[in-house]
file structure-v9.pdb (PDB, C-alpha atoms)
ATOM      1  CA  MET Q 255       0.000   0.000   0.000  1.00  0.00           C
ATOM      2  CA  LYS Q 256       1.429   3.337  -1.023  1.00  0.00           C
ATOM      3  CA  ALA Q 257       0.508   6.113   1.358  1.00  0.00           C
ATOM      4  CA  THR Q 258      -1.323   9.055  -0.169  1.00  0.00           C
ATOM      5  CA  ASP Q 259      -0.220  12.634   0.423  1.00  0.00           C
ATOM      6  CA  GLN Q 260      -3.259  13.094   2.665  1.00  0.00           C
ATOM      7  CA  THR Q 261      -2.224  10.103   4.784  1.00  0.00           C
ATOM      8  CA  ILE Q 262       1.324  11.420   5.149  1.00  0.00           C
ATOM      9  CA  GLN Q 263      -0.035  14.838   6.152  1.00  0.00           C
ATOM     10  CA  GLN Q 264      -2.360  13.281   8.748  1.00  0.00           C
ATOM     11  CA  LEU Q 265       0.475  11.235  10.238  1.00  0.00           C
ATOM     12  CA  GLU Q 266       2.800  14.239  10.322  1.00  0.00           C
ATOM     13  CA  ARG Q 267       0.116  16.329  12.027  1.00  0.00           C
ATOM     14  CA  ALA Q 268      -0.476  13.601  14.615  1.00  0.00           C
ATOM     15  CA  LEU Q 269       3.249  13.379  15.292  1.00  0.00           C
ATOM     16  CA  ARG Q 270       3.509  17.175  15.674  1.00  0.00           C
ATOM     17  CA  LYS Q 271       0.567  17.215  18.096  1.00  0.00           C
ATOM     18  CA  VAL Q 272       2.213  14.542  20.235  1.00  0.00           C
ATOM     19  CA  THR Q 273       5.656  16.162  20.223  1.00  0.00           C
ATOM     20  CA  ASP Q 274       4.022  19.493  21.156  1.00  0.00           C
ATOM     21  CA  LYS Q 275       2.791  17.840  24.368  1.00  0.00           C
ATOM     22  CA  PHE Q 276       6.421  17.241  25.402  1.00  0.00           C
ATOM     23  CA  PRO Q 277       8.200  20.512  24.550  1.00  0.00           C
ATOM     24  CA  ALA Q 278      11.986  20.462  24.514  1.00  0.00           C
ATOM     25  CA  THR Q 279      12.031  23.542  26.759  1.00  0.00           C
ATOM     26  CA  GLU Q 280      10.799  21.515  29.727  1.00  0.00           C
ATOM     27  CA  GLU Q 281      13.077  19.338  31.820  1.00  0.00           C
ATOM     28  CA  ALA Q 282      12.761  15.655  30.947  1.00  0.00           C
ATOM     29  CA  SER Q 283      11.042  14.114  33.913  1.00  0.00           C
ATOM     30  CA  MET Q 284       8.493  11.762  32.411  1.00  0.00           C
ATOM     31  CA  LEU Q 285       9.434   8.146  31.879  1.00  0.00           C
ATOM     32  CA  THR Q 286       7.233   6.652  29.195  1.00  0.00           C
ATOM     33  CA  ASP Q 287       7.030   4.996  25.818  1.00  0.00           C
ATOM     34  CA  LEU Q 288       4.584   6.150  23.177  1.00  0.00           C
ATOM     35  CA  HIS Q 289       2.119   3.532  21.959  1.00  0.00           C
ATOM     36  CA  ILE Q 290       0.665   4.093  18.500  1.00  0.00           C
ATOM     37  CA  ARG Q 291      -2.452   1.960  18.286  1.00  0.00           C
ATOM     38  CA  VAL Q 292      -4.125   1.471  14.915  1.00  0.00           C
ATOM     39  CA  THR Q 293      -7.517  -0.132  14.337  1.00  0.00           C
ATOM     40  CA  GLN Q 294      -7.591  -1.688  10.897  1.00  0.00           C
ATOM     41  CA  GLU Q 295     -11.375  -1.622  10.401  1.00  0.00           C
ATOM     42  CA  SER Q 296     -11.943   2.016  11.384  1.00  0.00           C
ATOM     43  CA  GLY Q 297      -8.610   3.484  10.292  1.00  0.00           C
ATOM     44  CA  GLU Q 298      -8.326   5.067  13.714  1.00  0.00           C
ATOM     45  CA  LEU Q 299      -4.855   5.976  14.958  1.00  0.00           C
ATOM     46  CA  MET Q 300      -4.447   6.700  18.669  1.00  0.00           C
ATOM     47  CA  VAL Q 301      -1.324   7.580  20.615  1.00  0.00           C
ATOM     48  CA  PHE Q 302      -1.044   6.674  24.303  1.00  0.00           C
ATOM     49  CA  ASP Q 303       1.567   6.943  27.005  1.00  0.00           C
ATOM     50  CA  ASP Q 304       2.444   4.047  29.332  1.00  0.00           C
ATOM     51  CA  ASP Q 305      -0.413   4.978  31.670  1.00  0.00           C
ATOM     52  CA  GLU Q 306      -2.977   4.642  28.862  1.00  0.00           C
ATOM     53  CA  ARG Q 307      -3.519   8.404  28.733  1.00  0.00           C
ATOM     54  CA  GLU Q 308      -4.612   9.308  25.250  1.00  0.00           C
ATOM     55  CA  LEU Q 309      -2.332  11.901  23.682  1.00  0.00           C
ATOM     56  CA  TRP Q 310      -3.857  12.107  20.207  1.00  0.00           C
ATOM     57  CA  ARG Q 311      -6.492  10.476  18.025  1.00  0.00           C
ATOM     58  CA  CYS Q 312      -7.335  10.748  14.343  1.00  0.00           C
ATOM     59  CA  VAL Q 313      -8.818   8.680  11.543  1.00  0.00           C
ATOM     60  CA  VAL Q 314      -6.669   7.897   8.525  1.00  0.00           C
ATOM     61  CA  GLU Q 315      -9.195   7.639   5.726  1.00  0.00           C
ATOM     62  CA  GLN Q 316      -6.947   5.531   3.500  1.00  0.00           C
ATOM     63  CA  TRP Q 317      -6.834   2.870   6.224  1.00  0.00           C
ATOM     64  CA  ILE Q 318     -10.609   2.554   6.767  1.00  0.00           C
ATOM     65  CA  ASP Q 319     -11.849  -0.971   6.009  1.00  0.00           C
ATOM     66  CA  ASN Q 320      -8.435  -2.094   4.819  1.00  0.00           C
ATOM     67  CA  VAL Q 321      -8.564  -5.897   4.886  1.00  0.00           C
ATOM     68  CA  ASP Q 322      -5.048  -6.600   3.580  1.00  0.00           C
ATOM     69  CA  ASP Q 323      -3.188  -9.269   5.510  1.00  0.00           C
ATOM     70  CA  SER Q 324      -0.088  -7.109   5.186  1.00  0.00           C
ATOM     71  CA  PHE Q 325      -1.809  -4.011   6.634  1.00  0.00           C
ATOM     72  CA  TYR Q 326       0.365  -3.664   9.741  1.00  0.00           C
ATOM     73  CA  LYS Q 327       3.554  -4.440   7.826  1.00  0.00           C
ATOM     74  CA  ASP Q 328       2.632  -1.801   5.233  1.00  0.00           C
ATOM     75  CA  ILE Q 329       1.824   0.904   7.752  1.00  0.00           C
ATOM     76  CA  THR Q 330       4.968   0.105   9.744  1.00  0.00           C
ATOM     77  CA  SER Q 331       7.163   1.310   6.895  1.00  0.00           C
ATOM     78  CA  VAL Q 332       4.972   4.393   6.359  1.00  0.00           C
ATOM     79  CA  LEU Q 333       5.084   5.293  10.052  1.00  0.00           C
ATOM     80  CA  ARG Q 334       8.846   4.728  10.225  1.00  0.00           C
ATOM     81  CA  SER Q 335       9.339   7.023   7.263  1.00  0.00           C
ATOM     82  CA  VAL Q 336       7.249   9.807   8.794  1.00  0.00           C
ATOM     83  CA  ILE Q 337       8.954   9.363  12.170  1.00  0.00           C
ATOM     84  CA  ASN Q 338      12.381   9.442  10.553  1.00  0.00           C
ATOM     85  CA  ASN Q 339      11.512  12.738   8.842  1.00  0.00           C
ATOM     86  CA  HIS Q 340      10.709  14.242  12.258  1.00  0.00           C
ATOM     87  CA  LYS Q 341      13.381  12.495  14.291  1.00  0.00           C
ATOM     88  CA  ASP Q 342      14.884  15.746  15.608  1.00  0.00           C
ATOM     89  CA  SER Q 343      11.625  16.850  17.236  1.00  0.00           C
ATOM     90  CA  ILE Q 344      11.098  13.343  18.645  1.00  0.00           C
ATOM     91  CA  ASP Q 345      14.623  13.154  20.047  1.00  0.00           C
ATOM     92  CA  ASN Q 346      14.119  16.532  21.733  1.00  0.00           C
ATOM     93  CA  MET Q 347      10.845  15.692  23.478  1.00  0.00           C
ATOM     94  CA  SER Q 348      10.953  16.156  27.243  1.00  0.00           C
ATOM     95  CA  ILE Q 349      10.779  12.420  27.947  1.00  0.00           C
ATOM     96  CA  LEU Q 350      13.597  10.579  29.703  1.00  0.00           C
ATOM     97  CA  LYS Q 351      15.681   8.527  27.289  1.00  0.00           C
ATOM     98  CA  PRO Q 352      15.657   5.834  26.194  1.00  0.00           C
ATOM     99  CA  PHE Q 353      12.027   5.695  25.073  1.00  0.00           C
ATOM    100  CA  SER Q 354      10.313   3.958  22.193  1.00  0.00           C
ATOM    101  CA  LEU Q 355       7.534   4.574  19.740  1.00  0.00           C
ATOM    102  CA  VAL Q 356       5.717   1.264  19.428  1.00  0.00           C
ATOM    103  CA  LEU Q 357       3.050   0.229  16.923  1.00  0.00           C
ATOM    104  CA  GLU Q 358       0.194  -1.808  18.407  1.00  0.00           C
ATOM    105  CA  ASP Q 359      -2.869  -3.429  16.925  1.00  0.00           C
ATOM    106  CA  ASP Q 360      -6.347  -2.802  18.320  1.00  0.00           C
ATOM    107  CA  ASN Q 361      -5.815  -5.625  20.858  1.00  0.00           C
ATOM    108  CA  LYS Q 362      -2.875  -3.713  22.357  1.00  0.00           C
ATOM    109  CA  GLU Q 363      -0.446  -6.308  20.972  1.00  0.00           C
ATOM    110  CA  MET Q 364       2.904  -4.943  19.857  1.00  0.00           C
ATOM    111  CA  VAL Q 365       3.322  -5.149  16.101  1.00  0.00           C
ATOM    112  CA  ALA Q 366       6.651  -3.329  15.720  1.00  0.00           C
ATOM    113  CA  GLU Q 367       9.060  -1.064  17.475  1.00  0.00           C
ATOM    114  CA  LEU Q 368       9.059   1.969  15.212  1.00  0.00           C
ATOM    115  CA  TYR Q 369      11.718   4.124  16.809  1.00  0.00           C
ATOM    116  CA  VAL Q 370      13.996   4.186  19.818  1.00  0.00           C
ATOM    117  CA  ALA Q 371      14.964   7.618  21.081  1.00  0.00           C
ATOM    118  CA  ASP Q 372      18.402   6.955  22.467  1.00  0.00           C
ATOM    119  CA  ASP Q 373      21.734   8.358  21.463  1.00  0.00           C
ATOM    120  CA  ASP Q 374      23.302   4.900  21.034  1.00  0.00           C
ATOM    121  CA  THR Q 375      20.486   2.780  19.536  1.00  0.00           C
ATOM    122  CA  VAL Q 376      19.131   2.678  16.000  1.00  0.00           C
ATOM    123  CA  ILE Q 377      16.274   0.550  14.639  1.00  0.00           C
ATOM    124  CA  ILE Q 378      17.023  -0.692  11.132  1.00  0.00           C
ATOM    125  CA  ASP Q 379      14.151  -1.284   8.730  1.00  0.00           C
ATOM    126  CA  GLU Q 380      13.487  -4.887   7.648  1.00  0.00           C
ATOM    127  CA  GLU Q 381      13.776  -3.965   3.977  1.00  0.00           C
ATOM    128  CA  LEU Q 382      17.330  -2.772   4.541  1.00  0.00           C
ATOM    129  CA  MET Q 383      18.164  -6.053   6.273  1.00  0.00           C
ATOM    130  CA  ALA Q 384      16.630  -8.317   3.608  1.00  0.00           C
ATOM    131  CA  GLY Q 385      19.116 -10.998   2.538  1.00  0.00           C
ATOM    132  CA  LEU Q 386      21.615 -10.191   5.282  1.00  0.00           C
ATOM    133  CA  ASP Q 387      21.487 -13.750   6.694  1.00  0.00           C
ATOM    134  CA  LYS Q 388      22.421 -15.231   3.323  1.00  0.00           C
ATOM    135  CA  ASP Q 389      25.199 -12.671   2.821  1.00  0.00           C
ATOM    136  CA  LEU Q 390      26.639 -13.470   6.254  1.00  0.00           C
ATOM    137  CA  ASP Q 391      26.397 -17.219   5.657  1.00  0.00           C
ATOM    138  CA  ASP Q 392      28.188 -16.831   2.306  1.00  0.00           C
ATOM    139  CA  PHE Q 393      30.850 -14.676   3.948  1.00  0.00           C
ATOM    140  CA  PHE Q 394      31.512 -17.180   6.759  1.00  0.00           C
ATOM    141  CA  GLU Q 395      31.536 -20.111   4.347  1.00  0.00           C
ATOM    142  CA  LYS Q 396      34.131 -18.362   2.180  1.00  0.00           C
ATOM    143  CA  LEU Q 397      36.134 -17.373   5.272  1.00  0.00           C
ATOM    144  CA  PHE Q 398      36.233 -20.918   6.627  1.00  0.00           C
ATOM    145  CA  LYS Q 399      37.334 -22.323   3.241  1.00  0.00           C
ATOM    146  CA  GLU Q 400      40.386 -20.078   3.292  1.00  0.00           C
TER     147      GLU Q 400
END
call {"tool": "encode", "arguments": {"input": "structure-v9.pdb", "output": "structure tokens"}}
result
Amino acid sequence: MKATDQTIQQLERALRKVTDKFPATEEASMLTDLHIRVTQESGELMVFDDDERELWRCVVEQWIDNVDDSFYKDITSVLRSVINNHKDSIDNMSILKPFSLVLEDDNKEMVAELYVADDDTVIIDEELMAGLDKDLDDFFEKLFKE
């Protein structure tokens, strides 16, 4: 599923609204992760803190009634892209590090860790890692033959 411009704009707006709730000017005192919960049938995107306080809610029209089996995998890459474009504002939120942005389904089950805000940790997208196991196996096989 290719995200429409409207979907990207909605996700960027949601991200801005959440980061505005944790301005960089305040001292980081809150310890929390951010849970992005998406309901496939309604297209609803909600963002919660660890205490289940709702921080933002919107409906992504493109996602309404999406019945694709790959729905969560597809939106994971879209969300990661949007998050990556706004990584500076996320990294500067007044939340104690490390913290994560986690994608959940409507049953509150973790689907993917989208981003880790920590100076030493990076989450690498699956697409970038595709075929790495085979490359490593080939490398070790060649190394052991020598």
call {"tool": "resolve_selection", "arguments": {"input": "structure-v9.pdb", "expression": "the PyMOL selection byres ((chain Q and resi 299-312) around 10)", "output": "PyMOL selection string"}}
result
chain Q and resi 264-265+267-269+271-273+275+285-294+296-298+313-315+317+355-360
call {"tool": "closest_residue", "arguments": {"input": "structure-v9.pdb", "among": "Q:Phe394, Q:Ala257, Q:Tyr326, Q:Met284", "to": "Glu363 (chain Q)", "atoms": "all atoms listed in the file"}}
result
Q:Tyr326
call {"tool": "atom_distance", "arguments": {"input": "structure-v9.pdb", "atom1": "CA of Asn346 (chain Q)", "atom2": "CA of Glu281 (chain Q)"}}
result
10.5 Å
call {"tool": "atom_distance", "arguments": {"input": "structure-v9.pdb", "atom1": "CA of Ile349 (chain Q)", "atom2": "CA of Phe276 (chain Q)"}}
result
7.0 Å
call {"tool": "closest_residue", "arguments": {"input": "structure-v9.pdb", "among": "Q:Lys399, Q:Asp342, Q:Phe393, Q:Leu333", "to": "Glu367 (chain Q)", "atoms": "all atoms listed in the file"}}
result
Q:Leu333
call {"tool": "closest_residue", "arguments": {"input": "structure-v9.pdb", "among": "Q:Met255, Q:Ile337, Q:Glu395, Q:Asp389", "to": "Gln316 (chain Q)", "atoms": "only C-alpha atoms"}}
result
Q:Met255
call {"tool": "atom_distance", "arguments": {"input": "structure-v9.pdb", "atom1": "CA of Lys256 (chain Q)", "atom2": "CA of Val332 (chain Q)"}}
result
8.3 Å
call {"tool": "closest_residue", "arguments": {"input": "structure-v9.pdb", "among": "Q:Met364, Q:Ala282, Q:Lys396, Q:Asp323", "to": "Lys351 (chain Q)", "atoms": "all atoms listed in the file"}}
result
Q:Ala282
call {"tool": "axis_aligned_box", "arguments": {"input": "structure-v9.pdb", "around": "region 307-320 of chain Q", "padding_each_side": "4 Å", "output": "AutoDock Vina command-line options"}}
result
--center_x -7.1 --center_y 5.0 --center_z 16.1 --size_x 17.5 --size_y 22.2 --size_z 33.2
call {"tool": "closest_residue", "arguments": {"input": "structure-v9.pdb", "among": "Q:Ser283, Q:Ser348, Q:Ser335, Q:Gln260", "to": "Tyr369 (chain Q)", "atoms": "all atoms listed in the file"}}
result
Q:Ser335
